[in-house]
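Reproduced below: model-v4.cif, with mmCIF, C-alpha atoms.
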data_my_file
#
loop_
_atom_site.label_atom_id
_atom_site.label_comp_id
_atom_site.auth_asym_id
_atom_site.auth_seq_id
_atom_site.Cartn_x
_atom_site.Cartn_y
_atom_site.Cartn_z
CA MET A 1 -5.62 4.92 -4.49
CA ASN A 2 -2.92 2.28 -4.61
CA LYS A 3 -3.58 -1.26 -3.55
CA GLU A 4 -2.65 -2.25 -0.04
CA LEU A 5 -1.90 -5.61 1.51
CA CYS A 6 -2.31 -6.13 5.23
CA ILE A 7 -0.67 -9.21 6.69
CA LEU A 8 -1.78 -10.32 10.15
CA ARG A 9 -0.18 -13.18 12.00
CA HIS A 10 -2.57 -15.12 14.23
CA GLY A 11 -2.71 -14.39 17.95
CA LYS A 12 -0.71 -16.24 20.60
CA SER A 13 -1.76 -19.89 20.65
CA ASP A 14 -1.48 -22.61 23.24
CA ARG A 15 1.38 -24.92 22.26
CA ASN A 16 1.06 -27.01 25.42
CA LEU A 17 -2.26 -28.61 24.61
CA ALA A 18 -2.23 -32.17 23.32
CA VAL A 19 -3.97 -31.30 20.05
CA ASP A 20 -2.95 -31.40 16.43
CA ASP A 21 -1.17 -28.22 15.23
CA PHE A 22 -4.12 -27.40 12.97
CA ASP A 23 -6.49 -27.41 15.97
CA ARG A 24 -4.43 -25.30 18.38
CA PRO A 25 -6.59 -22.60 20.00
CA LEU A 26 -5.67 -19.05 20.91
CA LYS A 27 -4.65 -18.29 24.47
CA LYS A 28 -6.68 -15.71 26.41
CA ARG A 29 -3.94 -13.10 25.90
CA GLY A 30 -3.83 -13.98 22.19
CA LYS A 31 -7.54 -13.24 21.88
CA ALA A 32 -7.09 -9.95 23.76
CA ALA A 33 -4.20 -8.88 21.51
CA VAL A 34 -6.15 -9.70 18.35
CA GLN A 35 -9.22 -7.85 19.68
CA ARG A 36 -7.12 -4.74 20.30
CA MET A 37 -5.55 -5.02 16.85
CA GLY A 38 -9.00 -5.24 15.24
CA GLU A 39 -10.19 -2.19 17.19
CA TRP A 40 -7.03 -0.30 16.20
CA MET A 41 -7.54 -1.23 12.55
CA LEU A 42 -11.06 0.20 12.71
CA GLN A 43 -9.80 3.41 14.39
CA GLN A 44 -7.16 3.78 11.66
CA HIS A 45 -9.71 3.14 8.88
CA LEU A 46 -7.83 0.00 7.79
CA VAL A 47 -10.89 -1.97 6.78
CA PRO A 48 -10.13 -4.51 4.05
CA ASP A 49 -12.23 -5.14 0.96
CA TYR A 50 -11.24 -8.80 1.04
CA LEU A 51 -10.16 -11.03 3.93
CA VAL A 52 -8.48 -14.41 3.44
CA CYS A 53 -7.33 -16.65 6.26
CA SER A 54 -5.88 -20.03 6.99
CA PRO A 55 -8.48 -22.59 8.07
CA ALA A 56 -6.35 -23.56 11.10
CA LYS A 57 -8.26 -22.85 14.32
CA ARG A 58 -5.92 -20.14 15.68
CA ALA A 59 -5.95 -18.21 12.39
CA LEU A 60 -9.68 -18.58 11.87
CA VAL A 61 -10.44 -17.36 15.41
CA THR A 62 -8.04 -14.44 14.82
CA ALA A 63 -9.82 -13.52 11.58
CA THR A 64 -13.23 -13.86 13.23
CA ILE A 65 -12.30 -11.58 16.15
CA VAL A 66 -10.87 -8.94 13.79
CA HIS A 67 -13.87 -9.26 11.48
CA LYS A 68 -16.23 -8.64 14.40
CA ALA A 69 -14.18 -5.64 15.59
CA LEU A 70 -14.29 -4.12 12.11
CA ALA A 71 -18.10 -4.46 12.08
CA VAL A 72 -18.45 -4.60 8.30
CA GLU A 73 -21.31 -6.92 7.39
CA SER A 74 -20.40 -7.05 3.71
CA LEU A 75 -16.90 -8.34 4.51
CA VAL A 76 -16.68 -12.14 4.38
CA VAL A 77 -13.95 -14.27 5.96
CA VAL A 78 -12.66 -16.49 3.15
CA GLU A 79 -10.90 -19.64 4.35
CA ASP A 80 -8.17 -20.89 2.03
CA LYS A 81 -6.20 -24.07 2.79
CA ARG A 82 -3.25 -22.68 0.79
CA MET A 83 -2.68 -20.32 3.74
CA TYR A 84 -1.75 -23.22 6.05
CA GLN A 85 1.77 -24.66 5.80
CA ALA A 86 1.78 -24.52 2.00
CA GLY A 87 4.71 -22.19 1.37
CA LEU A 88 5.36 -18.92 -0.38
CA GLU A 89 4.20 -20.00 -3.86
CA CYS A 90 0.79 -20.98 -2.52
CA ILE A 91 0.32 -17.73 -0.64
CA ALA A 92 1.31 -15.83 -3.80
CA ALA A 93 -1.37 -17.85 -5.60
CA VAL A 94 -3.90 -16.80 -2.93
CA LEU A 95 -3.05 -13.17 -3.67
CA ALA A 96 -3.31 -13.76 -7.41
CA ASP A 97 -6.84 -15.06 -6.85
CA CYS A 98 -7.96 -11.93 -4.99
CA PRO A 99 -10.68 -9.94 -6.74
CA VAL A 100 -9.26 -7.40 -9.17
CA ASN A 101 -11.36 -4.64 -7.58
CA ALA A 102 -10.09 -5.35 -4.03
CA ARG A 103 -8.10 -2.27 -2.99
CA ARG A 104 -7.09 -3.52 0.48
CA VAL A 105 -6.62 -7.22 1.18
CA LEU A 106 -6.07 -8.72 4.63
CA LEU A 107 -4.26 -12.07 4.89
CA VAL A 108 -4.41 -13.89 8.24
CA GLY A 109 -2.01 -16.77 8.66
CA HIS A 110 1.18 -18.21 10.06
CA ASN A 111 4.93 -18.00 10.15
CA PRO A 112 7.24 -18.78 8.48
CA GLU A 113 5.06 -18.30 5.37
CA LEU A 114 3.97 -14.75 6.22
CA GLU A 115 7.52 -13.62 6.99
CA ASP A 116 8.69 -15.27 3.77
CA LEU A 117 5.98 -13.38 1.86
CA LEU A 118 6.98 -10.10 3.49
CA ILE A 119 10.68 -10.62 2.69
CA TYR A 120 9.82 -11.59 -0.90
CA LEU A 121 7.55 -8.59 -1.50
CA VAL A 122 9.66 -5.92 0.21
CA GLY A 123 13.20 -7.31 0.18
CA ALA A 124 15.17 -8.25 3.29
CA SER A 125 17.40 -5.17 3.06
CA ARG A 126 14.37 -2.86 3.31
CA LEU A 127 12.97 -4.46 6.47
CA PRO A 128 13.87 -3.71 10.08
CA GLU A 129 16.50 -5.95 11.64
CA THR A 130 14.88 -7.87 14.46
CA ASP A 131 14.88 -11.35 15.97
CA LYS A 132 11.24 -11.85 15.09
CA LEU A 133 9.85 -9.81 12.22
CA LEU A 134 6.26 -10.96 12.73
CA PRO A 135 5.46 -11.95 16.29
CA THR A 136 1.92 -13.08 17.04
CA ALA A 137 -0.84 -10.57 16.29
CA ALA A 138 1.52 -8.27 14.35
CA LEU A 139 0.04 -6.36 11.41
CA VAL A 140 2.07 -5.34 8.35
CA ARG A 141 0.85 -2.82 5.78
CA LEU A 142 2.31 -2.85 2.28
CA LYS A 143 1.75 -0.59 -0.70
CA MET A 144 1.24 -2.99 -3.60
CA PRO A 145 1.26 -2.97 -7.39
CA GLU A 146 -2.09 -2.69 -9.16
CA ASP A 147 -2.19 -6.36 -10.24
CA TRP A 148 -2.53 -8.94 -7.45
CA SER A 149 -1.47 -11.69 -9.85
CA PHE A 150 1.85 -10.14 -10.90
CA LEU A 151 4.04 -9.78 -7.85
CA GLU A 152 7.79 -9.68 -8.36
CA PRO A 153 10.43 -9.74 -5.62
CA GLY A 154 10.75 -6.28 -4.09
CA CYS A 155 7.55 -4.94 -5.73
CA ALA A 156 5.97 -3.72 -2.48
CA GLN A 157 6.73 -0.81 -0.20
CA LEU A 158 6.58 -1.29 3.58
CA LEU A 159 4.16 1.23 5.07
CA SER A 160 4.19 0.01 8.67
CA ILE A 161 4.51 -2.87 11.09
CA THR A 162 2.27 -2.61 14.13
CA TYR A 163 2.76 -4.89 17.10
CA ALA A 164 -0.26 -5.76 19.24
CA LYS A 165 1.96 -5.68 22.32
CA SER A 166 2.67 -1.98 21.76
CA LEU A 167 -1.06 -1.27 21.39
CA LEU A 168 -1.80 -3.08 24.65
CA ASP A 169 1.03 -1.23 26.42
CA ASP A 170 -0.45 2.10 25.30
CA GLU A 171 -3.56 1.39 27.37
CA GLY A 172 -1.63 1.34 30.62
#
Can the structure from this file be put into structure tokens for me?
Amino acid sequence: MNKELCILRHGKSDRNLAVDDFDRPLKKRGKAAVQRMGEWMLQQHLVPDYLVCSPAKRALVTATIVHKALAVESLVVVEDKRMYQAGLECIAAVLADCPVNARRVLLVGHNPELEDLLIYLVGASRLPETDKLLPTAALVRLKMPEDWSFLEPGCAQLLSITYAKSLLDDEG
């Protein structure tokens, strides 16, 4: 089996609250979208071996909801400050630090860093043209090289992009 990277942007957050960006919570609809995405991941057998998320409140709540939906006790949510507003190099370093034996890794974080990572790994010309590549609660699946620590531009293959909104729409 090849290695796979799943990239999940946090759910819709409340920008109107008078709180620091780091402490912004998810909106009710953001929680619902993330819950549905977690359930869909379980249905599709997309359970990660390793889960890393930003420590920002909206990302951590997203990771926690997905973790609960996946119902895998052995899976731990690893918080990594390099996932919050630290740029592409730091997120690449997070991947490099993933366990060698992790076959599927789930990163939960923010834009623009996650979109930058996606463009770096796949290449802009091999991605769909859209106004917003990774809206909130979107999940990307990438086929990855065997070594998490050696990731060159264009080294990944896009398997899918799933939008939580389309999953919610499917329910009626």
Item to check | Shell around A:Asp14 at 7 Å using all atoms listed in the file, local window under 2 positions removed, as an MDAnalysis selection string | outcome: chainID A and resid 12 16:17 24:27
Using the chain letters and numbers from this file, what does the PyMOL selection byres ((chain A and resi 61) around 9) select? Give the answer as a PDB file with C-alpha atoms, in the coordinates of the input.
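Generated file (out_34.pdb):
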ATOM      1  CA  HIS A  10      -2.570 -15.120  14.230  1.00  0.00           C
ATOM      2  CA  GLY A  11      -2.710 -14.390  17.950  1.00  0.00           C
ATOM      3  CA  PRO A  25      -6.590 -22.600  20.000  1.00  0.00           C
ATOM      4  CA  LEU A  26      -5.670 -19.050  20.910  1.00  0.00           C
ATOM      5  CA  LYS A  31      -7.540 -13.240  21.880  1.00  0.00           C
ATOM      6  CA  ALA A  56      -6.350 -23.560  11.100  1.00  0.00           C
ATOM      7  CA  LYS A  57      -8.260 -22.850  14.320  1.00  0.00           C
ATOM      8  CA  ARG A  58      -5.920 -20.140  15.680  1.00  0.00           C
ATOM      9  CA  ALA A  59      -5.950 -18.210  12.390  1.00  0.00           C
ATOM     10  CA  LEU A  60      -9.680 -18.580  11.870  1.00  0.00           C
ATOM     11  CA  THR A  62      -8.040 -14.440  14.820  1.00  0.00           C
ATOM     12  CA  ALA A  63      -9.820 -13.520  11.580  1.00  0.00           C
ATOM     13  CA  THR A  64     -13.230 -13.860  13.230  1.00  0.00           C
ATOM     14  CA  ILE A  65     -12.300 -11.580  16.150  1.00  0.00           C
ATOM     15  CA  VAL A  66     -10.870  -8.940  13.790  1.00  0.00           C
TER      16      VAL A  66
END
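With distances restricted to all atoms listed in the file, A:Ile7 is the closest residue to A:Val140 from A:Val52, A:Ile7, A:Cys155, A:Ala18.
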Next on the checklist: One decimal, in Å: what's the spacing between atom CA of A:Asn2 and atom CA of A:Val72?
Outcome noted: 21.3 Å
Next on the checklist: Give me, as number ranges by chain, all polymer residues having an atom no more than 7 Å from stretch 108-122 of chain A, counting all atoms listed in the file and skipping those fewer than 5 positions away in the same chain.
Outcome noted: A: 7-10, 52-54, 59, 63, 83-84, 87-88, 133-134, 152-158
Would you put the residues from that selection into a file with C-alpha atoms, as a tab-separated table (two decimals), keeping the file's coordinate frame?
chain	number	residue	atom	x	y	z
A	7	ILE	CA	-0.67	-9.21	6.69
A	8	LEU	CA	-1.78	-10.32	10.15
A	9	ARG	CA	-0.18	-13.18	12.00
A	10	HIS	CA	-2.57	-15.12	14.23
A	52	VAL	CA	-8.48	-14.41	3.44
A	53	CYS	CA	-7.33	-16.65	6.26
A	54	SER	CA	-5.88	-20.03	6.99
A	59	ALA	CA	-5.95	-18.21	12.39
A	63	ALA	CA	-9.82	-13.52	11.58
A	83	MET	CA	-2.68	-20.32	3.74
A	84	TYR	CA	-1.75	-23.22	6.05
A	87	GLY	CA	4.71	-22.19	1.37
A	88	LEU	CA	5.36	-18.92	-0.38
A	133	LEU	CA	9.85	-9.81	12.22
A	134	LEU	CA	6.26	-10.96	12.73
A	152	GLU	CA	7.79	-9.68	-8.36
A	153	PRO	CA	10.43	-9.74	-5.62
A	154	GLY	CA	10.75	-6.28	-4.09
A	155	CYS	CA	7.55	-4.94	-5.73
A	156	ALA	CA	5.97	-3.72	-2.48
A	157	GLN	CA	6.73	-0.81	-0.20
A	158	LEU	CA	6.58	-1.29	3.58
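When only C-alpha atoms are used to measure the gap to A:Arg141, the shortest distance among A:His67, A:Arg104, A:Arg126, A:Lys165 belongs to A:Arg104.
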Item to check | Evaluate the PyMOL selection byres ((chain A and resi 94) around 10) and report residues as a ChimeraX atom specification | outcome: /A:52-53,80-83,88-93,95-98,107,148-149
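Proximity of A:Ile161, A:Leu106, A:Met144, A:Val100 to A:Lys132, computed with all atoms listed in the file, is greatest for A:Ile161.
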Checklist outcome for this item: atom CA of A:Asp23 sits from atom CA of A:Glu79 at a separation of 14.7 Å
Checklist entry - Applied to the shown file, which residues does the PyMOL selection byres ((chain A and resi 146) around 6) return, written as an NGL selection string? => result :A and (3 or 145 or 147)
Checklist entry - Quick one, how far is atom CA of A:Val34 from atom CA of A:Ala164? => result 7.1 Å
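Using only C-alpha atoms, the smallest distance between any of A:Met37, A:Glu4, A:Pro55, A:Val105 and A:Leu75 comes from A:Val105.
With distances restricted to only C-alpha atoms, A:Gly38 is the closest residue to A:Leu167 from A:Pro99, A:Gly38, A:Gly123, A:Pro128.
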